[in-house]
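**Student:** For reference, the structure I am asking about is given below.
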Amino acid sequence: MTLHHYLILAAVLFTIGLIGAFTRRNAIVVLFSIEIMLNAANLNFIAFWRYSDNPELLYGILFTLFAIAVAAAEVAVGLALVIAVYRHFRSIDLEVMDTLKEE
Amino acid sequence: MNGEIAFWILSAIAVLGALVAVRKRNLVHGVFALLVFFAGLSGLFLLLLAEFIAAVQVLVYIGAVGILLLFAIMLTERVAGDDGRRMTSRGWFWGLLAATAIFLVLLLPPIQQWPAPEAAQTVEPSVEQLGHKLMNPYVITLEVLALLLTAALIGAVTAAQAVRLDKEDEPPV
């Protein structure tokens with residue numbers, strides 16, 4: 001396996017997440033599409049670390065570790081916001097949330 | 001050779017899991033497909049000899065994030081998801097177009113230098129060095145991360161809390 005296999009796989013996964021975030025109207029589905037994109041980026045970090053000249057510096061691993069922690073915080077806050085929005089609009093449909101739009 | 005077969009199987013699992021998660025109408029089924037995607041990705045991390053990240057992936061994503069998503073689904077919409085209604089947003093075509101364009105841009109760097117670098121030298125198990133690194137040069141980052149997680153915890157609780165509507169009969173503070 002070469003580095004490019006992993007890069008192309010990560011690009012495919014990132015695009016699947018992007019399609020989900022762009023085309024679905026359910027807030028929770030959009031949230032987990034974002035998770036798919038974050039994971040694709042993590043795969044890139046790990047692949048670059050594995051194929052780098054000096055992997056003993058562990059840059060890729062450390063960055064991925066911090067990225068996973070930040071992503072966990074993001075999911076917790078994001079889902080709390082989804083629940084707050086659901087309380088307000090009685091729906092998690094993203095097209096219902098158009099309060100800021102000028103009619 | 002074995003690594004190659006494992007790569008293809010794991011990447012098929014990850015791609016299929018992600019596709020089903022994004023396209024499934026039933027949200028709970030979608031979350032389970034997402035867990036399959038996380039598991040496939042964890043296997044890929046193992047294949048890349050990042051065993052600690054693979055373990056963290058299982059713990060944080062399959063364990064915590066999966067449960068959290070399931071709870072959020074059960075607290076909001078009907079579990080069966082938005083059946084009957086339109087699944088895609090109004091501008092879905094432009095979204096698809098933009099995603100395809102971004103995909104092509106992401107493919108540029110691998111195409112531009114096609115003779116790809118082959119598998120590097122073997123990496124020795126890194127968990128012990130990782131622990132040392134987290135304690136010696138990266139301890140500030142670790143502390144900031146702990147602060148961030150605490151802030152996220154407080155923020156999540158505050159945001160998800162029910163808004164009290166009977167504020168009128170309380171004295172203003």
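Naming scheme: A, B, ... for chains in displayed order of the structure tokens; residues 1 onward per chain; ligands 1 onward as shown.
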For chain B against chain A, which residues fall within 7 Å using only C-alpha atoms, given as an NGL selection string?
**Tutor:** :B and (4 or 15 or 18-19 or 22 or 48 or 53 or 72 or 76-77 or 87-89 or 92 or 95-96 or 99 or 103 or 106-107 or 110 or 116-120 or 149 or 152 or 155-156 or 159-160)
**Student:** Select from region 23-100 of chain A everything DSSP, run on the backbone, classes as helix (DSSP H, G or I), then give the selection as a PyMOL selection string.
**Tutor:** chain A and resi 23+27-50+55-57+59-89
**Student:** Just to confirm, what's the straight-line distance from CA of Ile62 (chain B) to CA of Thr158 (chain B) in Å (one decimal)?
**Tutor:** 25.2 Å
**Student:** Just want the 10 Å neighbourhood of Leu44 (chain B), counted on only C-alpha atoms, with same-chain residues fewer than 3 positions away dropped. Output as a PDB file with C-alpha atoms, in the first residue's frame.
**Tutor:**
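And here is the file that came out, out_39.pdb:
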```
ATOM      1  CA  TYR A   6      -4.823   6.285   1.887  1.00  0.00           C
ATOM      2  CA  LEU A  43      -6.914   9.197   8.483  1.00  0.00           C
ATOM      3  CA  ILE A  46      -2.093   9.086  10.409  1.00  0.00           C
ATOM      4  CA  ALA A  47      -1.179   8.126   6.839  1.00  0.00           C
TER       5      ALA A  47
ATOM      6  CA  ALA B   6      -6.903  -6.016   4.795  1.00  0.00           C
ATOM      7  CA  PHE B   7      -6.680  -2.505   3.349  1.00  0.00           C
ATOM      8  CA  TRP B   8      -9.242  -3.213   0.640  1.00  0.00           C
ATOM      9  CA  ILE B   9     -11.662  -4.964   3.007  1.00  0.00           C
ATOM     10  CA  LEU B  10     -11.401  -2.247   5.663  1.00  0.00           C
ATOM     11  CA  SER B  11     -11.748   0.593   3.199  1.00  0.00           C
ATOM     12  CA  ALA B  14     -15.561   2.287   5.893  1.00  0.00           C
ATOM     13  CA  PHE B  38     -15.826   4.109  12.802  1.00  0.00           C
ATOM     14  CA  ALA B  39     -14.888   0.440  13.287  1.00  0.00           C
ATOM     15  CA  GLY B  40     -13.522   0.193   9.741  1.00  0.00           C
ATOM     16  CA  LEU B  41     -11.489   3.342  10.269  1.00  0.00           C
ATOM     17  CA  LEU B  47      -3.018  -1.221   9.692  1.00  0.00           C
ATOM     18  CA  LEU B  48      -1.025   2.026   9.786  1.00  0.00           C
ATOM     19  CA  LEU B  49       0.514   0.888  13.114  1.00  0.00           C
ATOM     20  CA  ALA B  50      -1.182   3.615  15.136  1.00  0.00           C
ATOM     21  CA  GLU B  51      -2.501   1.213  17.764  1.00  0.00           C
ATOM     22  CA  ALA B  54      -7.210   2.789  17.014  1.00  0.00           C
TER      23      ALA B  54
END
```
**Student:** So how far away is CA of Tyr61 (chain B) from CA of Gly30 (chain B), in Å?
**Tutor:**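 Here the two named atoms are 14.5 Å from each other.
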**Student:** Interatomic distance between CA of Leu130 (chain B) and CA of Gly43 (chain B)?
**Tutor:**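 Going from CA of Leu130 (chain B) over to CA of Gly43 (chain B) covers 19.8 Å.
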**Student:** Determine the nearest neighbour of Pro125 (chain B) from the options B:Val28, B:Ile5, B:Ala12, B:Leu46, counting only C-alpha atoms.
**Tutor:**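 Among the listed residues, B:Leu46 lies closest to Pro125 (chain B).
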